[in-house]
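The structure file entry.cif is reproduced below (mmCIF, C-alpha atoms and all ligand atoms).
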```cif
data_query
loop_
_atom_site.label_atom_id
_atom_site.label_comp_id
_atom_site.auth_asym_id
_atom_site.auth_seq_id
_atom_site.Cartn_x
_atom_site.Cartn_y
_atom_site.Cartn_z
CA MET A 1 0.46 -17.41 -9.19
CA LEU A 2 2.52 -14.56 -10.56
CA GLN A 3 4.73 -15.50 -13.49
CA GLN A 4 8.26 -14.20 -13.88
CA PRO A 5 7.87 -10.45 -14.51
CA ILE A 6 8.68 -9.22 -17.98
CA LYS A 7 10.72 -6.03 -17.72
CA MET A 8 9.11 -3.29 -19.74
CA MET A 9 10.37 0.20 -20.43
CA SER A 10 8.81 2.70 -18.14
CA ASN A 11 9.37 6.39 -17.74
CA SER A 12 9.92 7.64 -14.25
CA PHE A 13 6.95 6.48 -12.17
CA ASN A 14 6.67 8.70 -9.14
CA ILE A 15 5.07 7.61 -5.92
CA CYS A 16 4.26 9.48 -2.73
CA VAL A 17 4.11 7.37 0.45
CA PHE A 18 1.82 8.23 3.37
CA ILE A 19 2.81 6.90 6.80
CA SER A 20 1.84 7.36 10.45
CA GLY A 21 4.29 5.17 12.33
CA THR A 22 7.13 2.68 12.15
CA GLY A 23 7.48 2.70 8.39
CA SER A 24 8.88 -0.80 7.87
CA ASN A 25 6.93 -0.99 4.60
CA LEU A 26 8.35 2.39 3.61
CA GLU A 27 11.86 1.07 4.26
CA ALA A 28 11.19 -1.95 2.03
CA LEU A 29 9.72 0.30 -0.66
CA LEU A 30 12.82 2.50 -0.53
CA LYS A 31 15.20 -0.48 -0.83
CA LYS A 32 13.32 -2.04 -3.72
CA GLN A 33 12.63 1.03 -5.91
CA GLU A 34 15.07 0.30 -8.67
CA GLU A 35 14.20 -3.34 -9.23
CA ASN A 36 10.52 -2.40 -9.41
CA ASP A 37 10.74 0.67 -11.65
CA TYR A 38 9.33 3.37 -9.39
CA ASN A 39 10.77 6.37 -7.53
CA ILE A 40 9.65 7.60 -4.15
CA VAL A 41 9.49 11.38 -4.52
CA LEU A 42 7.79 12.40 -1.28
CA VAL A 43 6.90 10.95 2.11
CA ILE A 44 3.92 12.44 3.97
CA SER A 45 3.12 11.80 7.63
CA ASN A 46 0.34 12.98 9.89
CA LYS A 47 2.71 12.37 12.86
CA LYS A 48 5.74 14.59 13.05
CA ASN A 49 7.65 12.04 15.13
CA ALA A 50 6.82 9.00 13.00
CA LYS A 51 9.86 6.71 13.05
CA GLY A 52 9.42 6.04 9.34
CA LEU A 53 10.44 9.62 8.56
CA ASP A 54 14.03 8.66 9.46
CA PHE A 55 14.11 6.20 6.53
CA ALA A 56 13.03 8.98 4.15
CA LYS A 57 15.81 11.19 5.49
CA GLN A 58 18.41 8.42 5.05
CA TYR A 59 17.45 8.25 1.38
CA ASP A 60 17.25 12.06 0.98
CA ILE A 61 13.57 11.93 0.12
CA PRO A 62 11.59 15.12 0.87
CA THR A 63 9.12 14.80 3.74
CA TYR A 64 6.00 16.73 4.66
CA THR A 65 4.26 16.44 8.00
CA PHE A 66 0.91 17.87 8.97
CA LYS A 67 -1.60 17.74 11.79
CA TRP A 68 -4.72 15.76 10.94
CA ASP A 69 -7.83 17.95 10.91
CA LYS A 70 -10.95 15.87 10.53
CA SER A 71 -13.00 18.87 9.35
CA ASP A 72 -10.70 19.38 6.36
CA ASP A 73 -12.51 17.47 3.63
CA LYS A 74 -10.30 18.49 0.72
CA LEU A 75 -6.77 18.34 2.10
CA LEU A 76 -5.74 20.93 -0.48
CA HIS A 77 -2.34 21.39 1.14
CA LEU A 78 -1.61 17.72 0.49
CA GLN A 79 -2.96 17.93 -3.04
CA GLU A 80 -0.62 20.83 -3.73
CA LYS A 81 2.43 18.84 -2.55
CA ILE A 82 1.38 15.68 -4.39
CA ASN A 83 0.95 17.61 -7.63
CA LYS A 84 4.18 19.56 -7.16
CA TYR A 85 6.13 16.28 -7.10
CA GLN A 86 4.30 14.96 -10.19
CA THR A 87 3.05 11.96 -8.30
CA ASP A 88 1.64 9.07 -10.34
CA LEU A 89 0.46 7.02 -7.37
CA ILE A 90 -0.28 7.62 -3.69
CA VAL A 91 0.82 4.69 -1.54
CA LEU A 92 -0.61 4.32 1.96
CA ALA A 93 1.81 2.36 4.17
CA GLY A 94 0.54 2.24 7.72
CA PHE A 95 -1.32 5.53 7.34
CA MET A 96 -3.80 5.40 10.20
CA ARG A 97 -6.46 7.83 9.00
CA ILE A 98 -9.41 7.46 6.65
CA LEU A 99 -9.01 9.92 3.79
CA PRO A 100 -12.04 12.13 3.07
CA THR A 101 -14.33 11.28 0.16
CA GLN A 102 -13.48 14.42 -1.78
CA PHE A 103 -9.79 13.57 -1.63
CA THR A 104 -10.27 9.93 -2.67
CA ASN A 105 -12.56 11.10 -5.50
CA ASP A 106 -9.98 13.62 -6.70
CA PHE A 107 -7.39 10.83 -6.83
CA ASN A 108 -9.71 8.11 -8.07
CA ASN A 109 -7.74 4.92 -8.93
CA LYS A 110 -4.53 6.69 -7.90
CA ILE A 111 -4.36 5.61 -4.24
CA ILE A 112 -3.45 2.15 -2.97
CA ASN A 113 -3.21 0.65 0.51
CA ILE A 114 -1.77 -2.47 2.12
CA HIS A 115 -3.94 -4.22 4.68
CA PRO A 116 -2.86 -7.12 6.90
CA SER A 117 -5.65 -9.58 6.08
CA LEU A 118 -7.01 -11.50 3.15
CA LEU A 119 -9.67 -8.94 2.25
CA PRO A 120 -12.64 -8.90 2.20
CA LYS A 121 -12.02 -10.75 5.49
CA TYR A 122 -11.14 -8.67 8.55
CA LYS A 123 -11.41 -5.04 7.55
CA GLY A 124 -10.26 -2.65 10.28
CA LEU A 125 -7.97 -3.37 13.22
CA HIS A 126 -6.68 -6.46 15.10
CA THR A 127 -6.67 -8.59 11.98
CA HIS A 128 -4.10 -11.13 13.27
CA GLN A 129 -5.99 -11.81 16.48
CA ARG A 130 -9.25 -12.12 14.59
CA ALA A 131 -7.70 -14.72 12.26
CA LEU A 132 -6.43 -16.66 15.30
CA ASP A 133 -9.78 -16.41 17.14
CA ASN A 134 -11.47 -17.77 14.05
CA ASN A 135 -9.09 -20.77 13.93
CA ASP A 136 -8.07 -19.87 10.39
CA ASN A 137 -5.20 -21.89 9.01
CA ILE A 138 -4.18 -19.26 6.51
CA HIS A 139 -3.73 -15.51 6.78
CA GLY A 140 -2.30 -12.86 4.52
CA ALA A 141 -2.08 -9.30 3.30
CA THR A 142 -3.86 -7.46 0.51
CA VAL A 143 -2.97 -4.50 -1.69
CA HIS A 144 -6.06 -2.68 -2.90
CA TYR A 145 -7.18 0.60 -4.43
CA VAL A 146 -8.60 3.06 -1.94
CA ASN A 147 -12.07 4.55 -1.95
CA ALA A 148 -13.90 6.43 0.80
CA GLN A 149 -14.79 3.22 2.72
CA LEU A 150 -12.43 1.56 5.15
CA ASP A 151 -10.25 -1.18 3.59
CA ASP A 152 -12.52 -1.30 0.57
CA GLY A 153 -11.84 -0.73 -3.13
CA GLU A 154 -10.70 -3.04 -5.88
CA ILE A 155 -8.25 -5.73 -4.77
CA ILE A 156 -5.00 -6.00 -6.73
CA SER A 157 -2.80 -8.59 -5.06
CA GLN A 158 -2.40 -10.80 -2.02
CA ILE A 159 0.23 -12.77 -0.21
CA ILE A 160 -0.92 -15.87 1.70
CA ILE A 161 0.85 -17.40 4.71
CA SER A 162 0.08 -20.41 6.86
CA ILE A 163 -0.85 -20.10 10.52
CA GLU A 164 1.08 -22.61 12.59
CA GLU A 165 -0.25 -24.27 15.70
CA ASN A 166 -0.03 -22.22 18.90
CA MET A 167 1.17 -19.11 17.11
CA SER A 168 0.84 -15.93 19.12
CA GLU A 169 -0.63 -12.76 17.67
CA GLN A 170 2.83 -11.20 17.66
CA GLN A 171 4.46 -14.14 15.88
CA LEU A 172 1.76 -14.06 13.23
CA ALA A 173 2.04 -10.28 12.81
CA GLU A 174 5.83 -10.50 12.40
CA LYS A 175 5.64 -13.36 9.93
CA LEU A 176 3.14 -11.44 7.81
CA LEU A 177 4.86 -8.05 8.00
CA PHE A 178 8.06 -9.60 6.62
CA ARG A 179 6.08 -10.88 3.61
CA GLU A 180 4.32 -7.52 3.13
CA HIS A 181 7.78 -6.15 2.40
CA SER A 182 7.81 -8.19 -0.83
CA LEU A 183 4.15 -7.85 -1.70
CA TYR A 184 4.01 -4.06 -1.71
CA PRO A 185 7.09 -3.24 -3.86
CA ARG A 186 6.25 -6.04 -6.32
CA THR A 187 2.67 -4.81 -6.70
CA ILE A 188 3.74 -1.21 -7.24
CA GLY A 189 6.22 -2.51 -9.83
CA LEU A 190 3.34 -4.13 -11.72
CA ILE A 191 1.49 -0.80 -11.76
CA ALA A 192 4.62 1.15 -12.76
CA GLN A 193 5.19 -1.30 -15.64
CA ASN A 194 1.53 -0.93 -16.72
CA ARG A 195 0.95 -4.65 -16.20
CA VAL A 196 -1.78 -3.64 -13.74
CA GLU A 197 -3.87 -0.82 -15.18
CA TRP A 198 -7.37 0.56 -15.47
CA ILE A 199 -8.85 0.11 -18.92
CA ASN A 200 -12.28 1.80 -19.26
CA ASP A 201 -12.86 1.61 -15.51
CA THR A 202 -11.99 -2.10 -15.39
CA LEU A 203 -8.95 -3.21 -13.45
CA CYS A 204 -6.77 -5.31 -15.77
CA PHE A 205 -3.67 -7.46 -15.46
CA ASP A 206 -1.69 -7.92 -18.66
CA GLN A 207 -4.66 -6.35 -20.47
CA LYS A 208 -7.21 -8.89 -19.23
CA THR A 209 -9.83 -8.20 -16.58
CA LEU A 210 -8.40 -9.00 -13.17
CA GLU A 211 -10.82 -11.68 -11.98
CA LYS A 212 -9.05 -12.58 -8.74
CA PRO A 213 -6.20 -11.15 -6.69
CA ILE A 214 -2.72 -11.60 -8.13
CA GLU A 215 -0.98 -13.99 -5.77
CA ILE A 216 2.58 -12.97 -4.97
CA ASN A 217 4.44 -15.67 -3.13
CA ASP A 218 8.05 -14.61 -2.98
C1 LIG B 1 1.22 -2.96 8.26
O1 LIG B 1 0.76 -4.08 8.95
C2 LIG B 1 0.27 -2.65 7.13
O2 LIG B 1 -0.31 -3.80 6.57
C3 LIG B 1 -0.77 -1.83 7.81
O3 LIG B 1 -0.09 -1.05 8.75
C4 LIG B 1 1.12 -1.70 9.11
C5 LIG B 1 2.22 -0.73 8.81
O4 LIG B 1 3.45 -1.13 9.32
N1 LIG B 1 -1.53 -1.05 6.86
P1 LIG B 1 4.75 -0.28 9.02
O5 LIG B 1 4.53 1.14 9.59
O6 LIG B 1 4.96 -0.25 7.55
O7 LIG B 1 5.85 -0.98 9.76
#
```
Taking this structure as input, can you express it in the form of structure tokens?
Amino acid sequence: MLQQPIKMMSNSFNICVFISGTGSNLEALLKKQEENDYNIVLVISNKKNAKGLDFAKQYDIPTYTFKWDKSDDKLLHLQEKINKYQTDLIVLAGFMRILPTQFTNDFNNKIINIHPSLLPKYKGLHTHQRALDNNDNIHGATVHYVNAQLDDGEIISQIIISIEENMSEQQLAEKLLFREHSLYPRTIGLIAQNRVEWINDTLCFDQKTLEKPIEIND
């Protein structure tokens, strides 16, 4: 379990958030920037009408929208924006596209994602229903680094919730989404404070190899 965080000095840690839809995680990330030592400098969406863009506007954060082109394997126009805003970390929050290998290689260990399951269980879609169909009694969400495979890459942290009897898919999804809104900002805070970092290609937590996901329960 995660111990009380030790506040450490950190220079401005800039993140760029990618969304495709509702953006409830983006809203939570916006509200919890200060307490977790990061700044959202840019929001990117592949859907020009994504509801989440309204949250960025409320907070005066620049936005960039583009049309997904699956033949574009470099996404240079995104790279240009990301670099212009001196982004330290790319944060996928409900971004519903798989980024091309060249892009994930160019930003190796600089992209994270939140996925609504206890990875490596239930990669892909319909995670809540799959947990219910499997009669699981726990479920959860995972924050992980992104590579070119779907919902793959080194796992950083997880939040675990119980599945109550006769829960519907929607009830389970809502219960988990609410908890994701703590998990994601807290995890980014750990990266911004250098408590989670890559040391010689090994993912470390407080300078020790991260052997299992950091459990964040509040
Ligand atoms: C969340 O369930 C997240 O885990 C998944 O996509 C959903 C995004 O929801 N990657 P929102 O757009 O942040 O409300």
What residues of the protein or nucleic acid chains come within 8 Å of ligand LIG 1 (chain B) when you use all atoms listed in the file? Reply as a short mmCIF file (atom, residue, chain, number, x, y, z; two decimals) with C-alpha atoms, in the coordinates of the input.
```
data_model
loop_
_atom_site.label_atom_id
_atom_site.label_comp_id
_atom_site.auth_asym_id
_atom_site.auth_seq_id
_atom_site.Cartn_x
_atom_site.Cartn_y
_atom_site.Cartn_z
CA ILE A 19 2.81 6.90 6.80
CA SER A 20 1.84 7.36 10.45
CA GLY A 21 4.29 5.17 12.33
CA THR A 22 7.13 2.68 12.15
CA GLY A 23 7.48 2.70 8.39
CA SER A 24 8.88 -0.80 7.87
CA ASN A 25 6.93 -0.99 4.60
CA LEU A 26 8.35 2.39 3.61
CA GLU A 27 11.86 1.07 4.26
CA GLY A 52 9.42 6.04 9.34
CA LEU A 92 -0.61 4.32 1.96
CA ALA A 93 1.81 2.36 4.17
CA GLY A 94 0.54 2.24 7.72
CA PHE A 95 -1.32 5.53 7.34
CA MET A 96 -3.80 5.40 10.20
CA ASN A 113 -3.21 0.65 0.51
CA ILE A 114 -1.77 -2.47 2.12
CA HIS A 115 -3.94 -4.22 4.68
CA PRO A 116 -2.86 -7.12 6.90
CA SER A 117 -5.65 -9.58 6.08
CA ALA A 141 -2.08 -9.30 3.30
CA THR A 142 -3.86 -7.46 0.51
CA ALA A 173 2.04 -10.28 12.81
CA LEU A 176 3.14 -11.44 7.81
CA LEU A 177 4.86 -8.05 8.00
CA GLU A 180 4.32 -7.52 3.13
#
```
Shell of 8 Å around region 53-59 of chain A, all atoms listed in the file, local chain residues under 3 positions omitted, as a ChimeraX atom specification: /A:23,26-27,30,43,45,49-50,62-63
Need the shell around Glu80 (chain A): protein/DNA/RNA residues with any atom at most 12 Å away, counting only C-alpha atoms. Skip same-chain ones fewer than 6 positions apart. Format as a PyMOL selection string? chain A and resi 64+74+86-87+103
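Restricting the calculation to only C-alpha atoms, the smallest distance between Phe66 (chain A) and any of A:Ser12, A:Ala28, A:Leu78, A:Ile159 is found for A:Leu78.
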What's the separation between CA of Ile216 (chain A) and CA of Asn105 (chain A), in Å to one decimal place? 28.4 Å
Excluding Ile90 (chain A) and any residue of its chain fewer than 6 positions from it, enumerate the residues within 8 Å of it, using all atoms listed in the file, and give them as a VMD selection string. chain A and resid 15 to 18 110 to 112
Polymer residues at most 10 Å from Lys175 (chain A), only C-alpha atoms, same-chain spacing of 4 or more positions, as a PDB file with C-alpha atoms, in the coordinates of the input:
```pdb
ATOM      1  CA  GLY A 140      -2.300 -12.860   4.520  1.00  0.00           C
ATOM      2  CA  ILE A 161       0.850 -17.400   4.710  1.00  0.00           C
ATOM      3  CA  SER A 162       0.080 -20.410   6.860  1.00  0.00           C
ATOM      4  CA  ILE A 163      -0.850 -20.100  10.520  1.00  0.00           C
ATOM      5  CA  GLU A 169      -0.630 -12.760  17.670  1.00  0.00           C
ATOM      6  CA  GLN A 170       2.830 -11.200  17.660  1.00  0.00           C
ATOM      7  CA  GLN A 171       4.460 -14.140  15.880  1.00  0.00           C
ATOM      8  CA  ARG A 179       6.080 -10.880   3.610  1.00  0.00           C
ATOM      9  CA  GLU A 180       4.320  -7.520   3.130  1.00  0.00           C
TER      10      GLU A 180
END
```
Excluding Asp72 (chain A) and its own-chain neighbours fewer than 4 positions away, which residues fall within 9 Å of it when counting all atoms listed in the file? Please give them as number ranges by chain. A: 68, 76, 100
Convert the current residue selection to file output with C-alpha atoms, as a PDB file, in the frame of the given file.
```
ATOM      1  CA  TRP A  68      -4.720  15.760  10.940  1.00  0.00           C
ATOM      2  CA  LEU A  76      -5.740  20.930  -0.480  1.00  0.00           C
ATOM      3  CA  PRO A 100     -12.040  12.130   3.070  1.00  0.00           C
TER       4      PRO A 100
END
```
Specify the axis-aligned box that encloses all atoms of region 66-73 of chain A listed in the file after padding of 8 Å on each side, stating its centre and edge lengths in Å to one decimal as JSON.
```
{"center_x": -6.0, "center_y": 17.6, "center_z": 7.7, "size_x": 29.9, "size_y": 19.6, "size_z": 24.2}
```
Quick one: distance from CA of Ile138 (chain A) to CA of Ile188 (chain A) in Å, one decimal? 24.0 Å
Quick check, in Å to one decimal: how far apart do CA of Lys70 (chain A) and CA of Val41 (chain A) lie?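 Separating CA of Lys70 (chain A) from CA of Val41 (chain A) is a distance of 25.8 Å.
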Out of A:Leu75, A:Leu99, A:Leu183, A:Val91, which residue has the shortest atom-to-atom distance to Pro213 (chain A) when counting all atoms listed in the file?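 Smallest distance to Pro213 (chain A) is found for A:Leu183.
With all atoms listed in the file as the atoms that count, the residue of A:Asn14, A:Gln102, A:Asn109, A:Asn166 with the shortest distance to Gln33 (chain A) is A:Asn14.
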Give the answer as one residue: which of A:Thr65, A:Asn46, A:Gln129, A:Asn39 has the shortest atom-to-atom distance to Leu89 (chain A), using only C-alpha atoms?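 Comparing A:Thr65, A:Asn46, A:Gln129, A:Asn39 against Leu89 (chain A), the winner is A:Asn39.
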